[in-house]
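Structure below is protein22.cif: mmCIF, C-alpha atoms.
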```cif
data_my_file
#
loop_
_atom_site.label_atom_id
_atom_site.label_comp_id
_atom_site.auth_asym_id
_atom_site.auth_seq_id
_atom_site.Cartn_x
_atom_site.Cartn_y
_atom_site.Cartn_z
CA MET V 1 22.13 -3.86 -34.59
CA ARG V 2 18.71 -2.39 -33.93
CA ASP V 3 16.83 -5.64 -34.33
CA GLN V 4 16.43 -7.17 -30.92
CA PRO V 5 15.64 -10.81 -30.21
CA THR V 6 11.98 -11.36 -29.44
CA LYS V 7 12.38 -14.67 -27.69
CA VAL V 8 10.80 -15.16 -24.30
CA ASP V 9 12.88 -17.41 -22.05
CA VAL V 10 10.73 -19.56 -19.80
CA ARG V 11 11.95 -21.76 -17.00
CA GLN V 12 10.06 -23.69 -14.37
CA THR V 13 11.17 -23.75 -10.76
CA HIS V 14 9.48 -25.77 -8.06
CA LYS V 15 7.61 -22.66 -6.96
CA ALA V 16 6.93 -20.65 -10.10
CA ARG V 17 7.28 -20.30 -13.82
CA VAL V 18 9.79 -17.54 -14.61
CA VAL V 19 9.31 -15.61 -17.84
CA ARG V 20 12.30 -13.53 -18.89
CA LEU V 21 11.28 -10.81 -21.31
CA PRO V 22 13.45 -9.64 -24.23
CA PRO V 23 15.14 -6.20 -24.44
CA GLN V 24 12.33 -4.53 -26.41
CA LEU V 25 8.77 -4.73 -25.15
CA THR V 26 7.31 -2.51 -27.83
CA ALA V 27 4.95 -2.38 -30.79
CA ARG V 28 7.73 -3.89 -32.86
CA THR V 29 7.91 -7.05 -30.74
CA GLU V 30 4.33 -7.23 -29.49
CA GLU V 31 3.03 -9.64 -32.11
CA ALA V 32 5.88 -12.09 -31.69
CA LEU V 33 5.73 -12.00 -27.89
CA ALA V 34 2.02 -12.27 -27.21
CA PRO V 35 1.63 -16.05 -27.89
CA ALA V 36 4.75 -16.95 -25.91
CA ILE V 37 3.65 -14.89 -22.95
CA GLN V 38 0.17 -16.38 -22.96
CA GLU V 39 1.68 -19.87 -23.16
CA ALA V 40 3.83 -19.12 -20.16
CA LEU V 41 0.68 -18.76 -18.09
CA GLU V 42 0.22 -22.52 -18.27
CA SER V 43 2.10 -22.76 -15.01
CA PRO V 44 1.61 -25.95 -13.02
CA THR V 45 2.31 -24.02 -9.82
CA GLY V 46 -0.21 -21.24 -10.51
CA PHE V 47 2.49 -18.61 -10.04
CA VAL V 48 4.25 -16.72 -12.82
CA ILE V 49 7.17 -14.35 -12.31
CA VAL V 50 7.70 -11.85 -15.12
CA ASP V 51 11.38 -10.97 -15.13
CA PHE V 52 12.22 -7.52 -16.53
CA SER V 53 15.96 -7.75 -15.93
CA GLY V 54 16.68 -7.90 -19.67
CA VAL V 55 14.16 -5.25 -20.74
CA ARG V 56 15.67 -1.97 -21.86
CA THR V 57 12.68 -0.27 -23.47
CA THR V 58 8.94 -0.53 -23.27
CA ASP V 59 6.11 1.58 -24.67
CA SER V 60 2.32 1.65 -24.80
CA ALA V 61 2.28 -1.62 -26.75
CA GLY V 62 4.37 -3.23 -24.02
CA VAL V 63 1.99 -1.92 -21.37
CA GLY V 64 -0.92 -3.38 -23.34
CA LEU V 65 0.90 -6.69 -23.58
CA LEU V 66 1.33 -6.78 -19.81
CA PHE V 67 -2.30 -5.94 -19.17
CA GLY V 68 -3.25 -8.74 -21.57
CA LEU V 69 -1.10 -11.12 -19.56
CA LEU V 70 -2.63 -9.95 -16.29
CA GLN V 71 -6.16 -10.26 -17.66
CA SER V 72 -5.50 -13.85 -18.70
CA ALA V 73 -3.73 -14.65 -15.45
CA ARG V 74 -6.64 -13.37 -13.41
CA THR V 75 -9.12 -15.36 -15.46
CA ARG V 76 -7.10 -18.54 -14.96
CA GLY V 77 -6.40 -17.91 -11.29
CA VAL V 78 -2.67 -17.55 -11.86
CA ALA V 79 -0.75 -15.23 -9.53
CA VAL V 80 1.76 -12.85 -11.15
CA ALA V 81 4.72 -10.92 -9.79
CA LEU V 82 7.12 -8.62 -11.64
CA THR V 83 10.83 -8.43 -10.97
CA ALA V 84 13.96 -6.43 -11.73
CA ALA V 85 12.41 -3.57 -13.74
CA ARG V 86 14.94 -0.76 -13.91
CA GLY V 87 15.38 2.48 -15.80
CA GLN V 88 12.80 3.38 -18.42
CA PRO V 89 10.66 0.22 -18.05
CA ARG V 90 10.34 0.80 -14.31
CA VAL V 91 9.35 4.42 -14.87
CA ILE V 92 6.58 3.30 -17.22
CA LEU V 93 5.28 0.56 -14.90
CA GLU V 94 5.08 3.06 -12.08
CA ARG V 95 3.55 5.87 -14.15
CA VAL V 96 0.71 3.66 -15.41
CA ARG V 97 0.27 2.50 -11.79
CA LEU V 98 0.56 -1.14 -12.67
CA THR V 99 2.60 -1.62 -9.52
CA ARG V 100 -0.53 -0.88 -7.49
CA TYR V 101 -1.97 -4.15 -8.71
CA VAL V 102 1.08 -6.36 -9.14
CA PRO V 103 4.04 -6.57 -6.75
CA LEU V 104 7.40 -5.55 -8.17
CA TYR V 105 10.44 -7.18 -6.57
CA ASP V 106 14.11 -6.40 -7.07
CA SER V 107 14.97 -9.95 -8.14
CA VAL V 108 13.47 -13.30 -9.08
CA GLU V 109 14.91 -14.77 -5.89
CA GLU V 110 13.09 -12.18 -3.82
CA ALA V 111 9.81 -12.90 -5.60
CA LEU V 112 10.27 -16.64 -5.07
CA SER V 113 10.91 -16.06 -1.37
CA ALA V 114 7.81 -13.87 -1.07
CA GLY V 115 5.64 -16.45 -2.82
CA PRO V 116 2.56 -15.84 -4.93
CA PRO V 117 0.61 -12.66 -4.19
CA ARG V 118 -3.10 -12.85 -3.48
CA ILE V 119 -5.15 -12.72 -6.68
CA GLU V 120 -7.68 -9.90 -6.36
CA GLY V 121 -10.98 -10.48 -8.08
CA ALA V 122 -10.10 -13.99 -9.19
CA GLY V 123 -13.07 -15.74 -10.68
CA SER V 124 -15.23 -12.62 -10.56
CA MET U 1 16.17 21.14 -34.29
CA GLU U 2 14.03 20.04 -37.21
CA ILE U 3 14.43 16.74 -39.01
CA ALA U 4 12.33 14.91 -41.59
CA LEU U 5 12.16 11.24 -40.70
CA ARG U 6 11.43 8.47 -43.13
CA THR U 7 8.53 6.25 -42.11
CA THR U 8 10.50 3.37 -40.62
CA GLU U 9 10.91 2.06 -37.08
CA ASP U 10 14.61 2.81 -37.09
CA GLU U 11 14.01 6.39 -38.10
CA ILE U 12 11.53 7.08 -35.32
CA THR U 13 13.91 5.53 -32.82
CA ARG U 14 16.61 7.87 -34.13
CA GLY U 15 14.23 10.81 -33.78
CA ALA U 16 13.44 9.98 -30.15
CA GLU U 17 17.16 9.70 -29.41
CA GLU U 18 17.80 13.13 -30.97
CA VAL U 19 15.20 14.67 -28.67
CA GLU U 20 16.60 12.85 -25.68
CA ALA U 21 19.95 14.47 -26.39
CA LEU U 22 18.32 17.90 -26.07
CA CYS U 23 17.22 17.05 -22.54
CA ASP U 24 20.75 17.71 -21.32
CA GLU U 25 20.49 21.27 -22.61
CA ALA U 26 17.23 21.67 -20.68
CA GLY U 27 18.89 20.28 -17.54
CA PHE U 28 16.59 17.30 -17.16
CA ALA U 29 17.52 14.44 -14.83
CA ALA U 30 18.15 10.95 -16.23
CA ALA U 31 14.74 9.58 -15.22
CA ARG U 32 13.01 12.54 -16.86
CA LYS U 33 15.00 11.94 -20.04
CA ASP U 34 13.61 8.41 -20.11
CA GLU U 35 10.11 9.82 -19.82
CA VAL U 36 10.68 12.34 -22.61
CA ARG U 37 12.08 9.69 -24.93
CA THR U 38 9.10 7.43 -24.22
CA ALA U 39 6.49 10.14 -24.84
CA VAL U 40 8.18 11.28 -28.05
CA LEU U 41 8.44 7.70 -29.23
CA GLU U 42 4.70 7.29 -28.65
CA ALA U 43 3.97 10.38 -30.74
CA LEU U 44 6.31 9.18 -33.48
CA SER U 45 4.86 5.66 -33.40
CA ASN U 46 1.36 7.10 -33.82
CA ALA U 47 2.62 9.15 -36.76
CA LEU U 48 4.15 6.05 -38.29
CA ILE U 49 1.06 3.87 -37.79
CA HIS U 50 -1.77 6.36 -38.35
CA GLY U 51 -0.24 9.34 -40.11
CA SER U 52 1.71 7.84 -42.95
CA ARG U 53 0.04 6.91 -46.21
CA SER U 54 3.09 5.92 -48.23
CA ARG U 55 6.78 5.25 -47.81
CA ARG U 56 7.49 8.61 -49.42
CA ASP U 57 5.75 10.46 -46.59
CA ARG U 58 7.94 12.08 -44.01
CA ILE U 59 7.37 12.66 -40.31
CA VAL U 60 8.66 16.08 -39.33
CA LEU U 61 10.12 16.27 -35.85
CA ARG U 62 10.84 19.66 -34.29
CA ALA U 63 12.28 20.21 -30.84
CA ALA U 64 13.61 23.22 -28.98
CA VAL U 65 14.61 24.17 -25.48
CA GLU U 66 12.77 27.24 -24.21
CA GLY U 67 13.96 28.30 -20.80
CA SER U 68 13.64 25.25 -18.58
CA CYS U 69 11.12 23.55 -20.88
CA LEU U 70 11.48 21.30 -23.88
CA LEU U 71 8.98 21.74 -26.71
CA VAL U 72 8.47 18.96 -29.23
CA GLU U 73 6.27 18.79 -32.32
CA VAL U 74 5.59 15.74 -34.45
CA ALA U 75 3.90 16.50 -37.77
CA ASP U 76 2.48 13.87 -40.11
CA ALA U 77 0.18 13.62 -43.12
CA GLY U 78 -2.66 11.89 -41.28
CA PRO U 79 -6.03 13.36 -40.27
CA GLY U 80 -5.29 13.29 -36.54
CA PRO U 81 -7.66 11.94 -33.92
CA ARG U 82 -11.39 12.61 -34.30
CA ARG U 83 -11.83 12.33 -30.60
CA LEU U 84 -9.60 11.48 -27.69
CA PRO U 85 -9.85 8.11 -25.99
CA PRO U 86 -10.99 8.05 -22.36
CA ALA U 87 -8.35 7.50 -19.72
CA PRO U 88 -7.81 3.77 -19.15
CA ASN U 89 -9.57 2.22 -16.19
CA LEU U 90 -7.03 -0.20 -14.75
CA GLU U 91 -9.45 -2.28 -12.76
CA ARG U 92 -11.74 -2.73 -15.76
CA LYS U 93 -8.77 -3.67 -17.90
CA LEU U 94 -7.65 -6.27 -15.39
CA GLN U 95 -11.16 -7.68 -15.29
CA GLY U 96 -11.22 -7.93 -19.08
CA LEU U 97 -14.00 -5.36 -19.36
CA GLU U 98 -11.75 -3.06 -21.42
CA PRO U 99 -9.20 -4.10 -24.05
CA PRO U 100 -5.69 -4.34 -22.57
CA GLY U 101 -4.19 -1.88 -25.07
CA GLY U 102 -4.97 1.71 -26.00
CA TRP U 103 -2.32 3.35 -23.83
CA GLY U 104 -0.61 5.61 -26.36
CA VAL U 105 -2.29 8.97 -25.76
CA HIS U 106 -2.64 8.32 -22.04
CA LEU U 107 1.05 7.51 -21.76
CA MET U 108 1.92 10.80 -23.47
CA CYS U 109 -0.31 12.61 -20.96
CA LEU U 110 1.34 10.86 -18.04
CA LEU U 111 4.77 11.94 -19.20
CA ALA U 112 4.38 15.35 -20.88
CA SER U 113 3.28 18.54 -19.13
CA GLU U 114 1.05 19.52 -22.05
CA VAL U 115 -0.35 17.50 -24.97
CA GLN U 116 -2.09 19.09 -27.95
CA PHE U 117 -3.26 17.63 -31.25
CA LEU U 118 -3.40 20.35 -33.90
CA ILE U 119 -5.49 19.45 -36.94
CA GLN U 120 -4.25 21.35 -39.99
CA PRO U 121 -6.79 22.87 -42.40
CA GLY U 122 -5.23 21.44 -45.53
CA GLY U 123 -4.69 17.98 -44.08
CA GLY U 124 -2.09 16.60 -41.75
CA HIS U 125 -1.78 17.09 -38.05
CA VAL U 126 0.74 17.99 -35.39
CA VAL U 127 1.20 16.60 -31.90
CA ARG U 128 2.68 19.22 -29.64
CA LEU U 129 4.30 18.13 -26.40
CA ARG U 130 5.74 20.36 -23.71
CA PHE U 131 8.00 18.95 -21.05
CA GLU U 132 9.02 20.57 -17.80
CA ALA U 133 11.84 19.30 -15.66
CA ARG U 134 9.41 17.49 -13.36
CA SER U 135 6.83 14.88 -14.28
CA PRO U 136 3.27 16.30 -14.42
CA GLU U 137 1.05 15.61 -11.43
CA PRO U 138 -1.83 15.31 -12.04
CA PRO U 139 -1.47 14.43 -15.73
CA PRO U 140 -2.74 17.09 -18.15
CA LEU U 141 -5.86 16.59 -20.21
CA PRO U 142 -5.05 16.30 -23.90
CA VAL U 143 -6.56 18.87 -26.25
CA ILE U 144 -7.58 18.72 -29.92
CA ARG U 145 -7.44 22.02 -31.79
CA ARG U 146 -8.69 22.40 -35.35
CA ARG U 147 -6.86 25.16 -37.13
CA ARG U 148 -8.82 27.29 -39.58
CA HIS U 149 -7.54 28.76 -42.81
CA ALA U 150 -5.79 32.10 -42.27
#
```
Could the structure of this file be written out as structure tokens, please?
Amino acid sequence: MRDQPTKVDVRQTHKARVVRLPPQLTARTEEALAPAIQEALESPTGFVIVDFSGVRTTDSAGVGLLFGLLQSARTRGVAVALTAARGQPRVILERVRLTRYVPLYDSVEEALSAGPPRIEGAGS
Amino acid sequence: MEIALRTTEDEITRGAEEVEALCDEAGFAAARKDEVRTAVLEALSNALIHGSRSRRDRIVLRAAVEGSCLLVEVADAGPGPRRLPPAPNLERKLQGLEPPGGWGVHLMCLLASEVQFLIQPGGGHVVRLRFEARSPEPPPLPVIRRRRHA
């Protein structure tokens, strides 16, 4: 029962690519997730929404994974928004102050309505 | 509470859950319990990755409520850190000027009120975490102490 799926669900809307993360964003799942998350950045709309609604637990490896995603996104000029982080994952995102750099919305729909955030430092 | 955990992912998860259960005794709110579980899991993960040399090694987890505080110790067979990593610079990480990872010790400092690494004279080391009911602000600076022979 402890083994959690490490699949990243990706869907493309007309405005953004939506990446739904699995329940565990931890050292245990980091290796399996990293390629899928990087691939998700190949968004034709230049806007990726990272959906935390299914994430139950994250740790320092998960934080590193997110920063890796944000690094790559910035390099490629892709805008990123986070959505639906609740409980422990939200606490961690706020404590590492990631939410100062990336908007966190309550839902994917809200992020889609808001549109892509400005990319700070893009191309620098 | 003192338990010897085998060096597996499931065991360290079990250990973190045991500590989380003690948070009720200390009167911690739900959000603080999440923080405690996360910090303890970081310490246990470090013990699993850096402090275990064989499958026969055990990670010793001790936890106790003292007044309104929760004290946790994680002991392993590893040498402990030689030096502590600098606090992550978010902007530099986002620019790709620092590696994206390396959050473990910093995350413990963001969540625990006190973080100490105790290097044992005969080998092995202990991470000592102290939690108060409220999250630390500002985060404490971690400390390495090298114990001498008695």
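Selection check: the PyMOL selection byres ((chain V and resi 27-37) around 7) on the shown file gives Thr6, Val8, Gln24, Leu25, Thr26, Gln38, Glu39, Ala40, Leu41, Ala61, Gly62, Leu65 and Leu69 of chain V.
Across the model, the gap from atom CA of V:Pro117 to atom CA of U:Gly102 is 26.7 Å.
If all atoms listed in the file are the atoms counted, then among U:Leu48, U:Arg62, U:Ala43, U:Phe117 the closest residue to U:Glu18 is U:Arg62.
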Exercise. What is the distance, in Å and to one decimal place, between atom CA of V:Asp59 and atom CA of U:Ala16?
Worked result: 12.4 Å
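Each of V:Pro89, V:Pro116, V:Gly54, V:Pro103 was checked against V:Val19 using only C-alpha atoms; the smallest atom-to-atom distance is that of V:Gly54.
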Problem set entry | Residue with smallest distance to V:Lys15 - pool V:Arg95, V:Arg86, V:Glu109, V:Ser53, counting all atoms listed in the file | V:Glu109
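We find atom CA of V:Phe52 and atom CA of U:Thr8 to be spaced 26.5 Å apart.
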For this session: Convert the output of the PyMOL selection byres ((chain U) within 7 of (chain V)) on the shown file into explicit residues, formatted as a PyMOL selection string.
Result: chain U and resi 34+38+93-96+100-101+103-104+107+110
Centre, edges in Å (one decimal): axis-aligned box, stretch 124-135 of chain U, 6 Å padding on all six sides, as JSON:
```
{"center_x": 4.9, "center_y": 17.7, "center_z": -27.6, "size_x": 25.9, "size_y": 17.7, "size_z": 40.4}
```
For this session: Run the PyMOL selection byres ((chain U and resi 60) around 6) against the file shown and list the residues it catches, as a ChimeraX atom specification.
Result: /U:3-4,59,61,74-75
Write a file of the just-selected residues containing C-alpha atoms, as a short mmCIF file (atom, residue, chain, number, x, y, z; two decimals), in the frame of the given file.
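Below is the file out.cif, written as the result:
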```
data_model
loop_
_atom_site.label_atom_id
_atom_site.label_comp_id
_atom_site.auth_asym_id
_atom_site.auth_seq_id
_atom_site.Cartn_x
_atom_site.Cartn_y
_atom_site.Cartn_z
CA ILE U 3 14.43 16.74 -39.01
CA ALA U 4 12.33 14.91 -41.59
CA ILE U 59 7.37 12.66 -40.31
CA LEU U 61 10.12 16.27 -35.85
CA VAL U 74 5.59 15.74 -34.45
CA ALA U 75 3.90 16.50 -37.77
#
```
Exercise. Restricting the calculation to all atoms listed in the file, which member of U:Glu137, U:Asp24, U:Glu91, U:Glu114 is positioned closest to V:Val102?
Worked result: U:Glu91
With a distance cut-off of 10 Å and all atoms listed in the file, select the neighbouring residues of stretch 26-33 of chain U, excluding the residue or stretch itself and same-chain residues fewer than 2 positions from it, and output the selection as a PDB file with C-alpha atoms, in the frame of the given file.
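So out-v4.pdb came out as:
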```
ATOM      1  CA  GLY V  87      15.380   2.480 -15.800  1.00  0.00           C
ATOM      2  CA  GLN V  88      12.800   3.380 -18.420  1.00  0.00           C
ATOM      3  CA  ARG V  90      10.340   0.800 -14.310  1.00  0.00           C
ATOM      4  CA  VAL V  91       9.350   4.420 -14.870  1.00  0.00           C
TER       5      VAL V  91
ATOM      6  CA  GLU U  17      17.160   9.700 -29.410  1.00  0.00           C
ATOM      7  CA  VAL U  19      15.200  14.670 -28.670  1.00  0.00           C
ATOM      8  CA  GLU U  20      16.600  12.850 -25.680  1.00  0.00           C
ATOM      9  CA  ALA U  21      19.950  14.470 -26.390  1.00  0.00           C
ATOM     10  CA  LEU U  22      18.320  17.900 -26.070  1.00  0.00           C
ATOM     11  CA  CYS U  23      17.220  17.050 -22.540  1.00  0.00           C
ATOM     12  CA  ASP U  24      20.750  17.710 -21.320  1.00  0.00           C
ATOM     13  CA  GLU U  35      10.110   9.820 -19.820  1.00  0.00           C
ATOM     14  CA  VAL U  36      10.680  12.340 -22.610  1.00  0.00           C
ATOM     15  CA  ARG U  37      12.080   9.690 -24.930  1.00  0.00           C
ATOM     16  CA  THR U  38       9.100   7.430 -24.220  1.00  0.00           C
ATOM     17  CA  ALA U  39       6.490  10.140 -24.840  1.00  0.00           C
ATOM     18  CA  ALA U  64      13.610  23.220 -28.980  1.00  0.00           C
ATOM     19  CA  VAL U  65      14.610  24.170 -25.480  1.00  0.00           C
ATOM     20  CA  GLU U  66      12.770  27.240 -24.210  1.00  0.00           C
ATOM     21  CA  GLY U  67      13.960  28.300 -20.800  1.00  0.00           C
ATOM     22  CA  SER U  68      13.640  25.250 -18.580  1.00  0.00           C
ATOM     23  CA  CYS U  69      11.120  23.550 -20.880  1.00  0.00           C
ATOM     24  CA  LEU U  70      11.480  21.300 -23.880  1.00  0.00           C
ATOM     25  CA  LEU U 111       4.770  11.940 -19.200  1.00  0.00           C
ATOM     26  CA  ALA U 112       4.380  15.350 -20.880  1.00  0.00           C
ATOM     27  CA  PHE U 131       8.000  18.950 -21.050  1.00  0.00           C
ATOM     28  CA  GLU U 132       9.020  20.570 -17.800  1.00  0.00           C
ATOM     29  CA  ALA U 133      11.840  19.300 -15.660  1.00  0.00           C
ATOM     30  CA  ARG U 134       9.410  17.490 -13.360  1.00  0.00           C
ATOM     31  CA  SER U 135       6.830  14.880 -14.280  1.00  0.00           C
TER      32      SER U 135
END
```
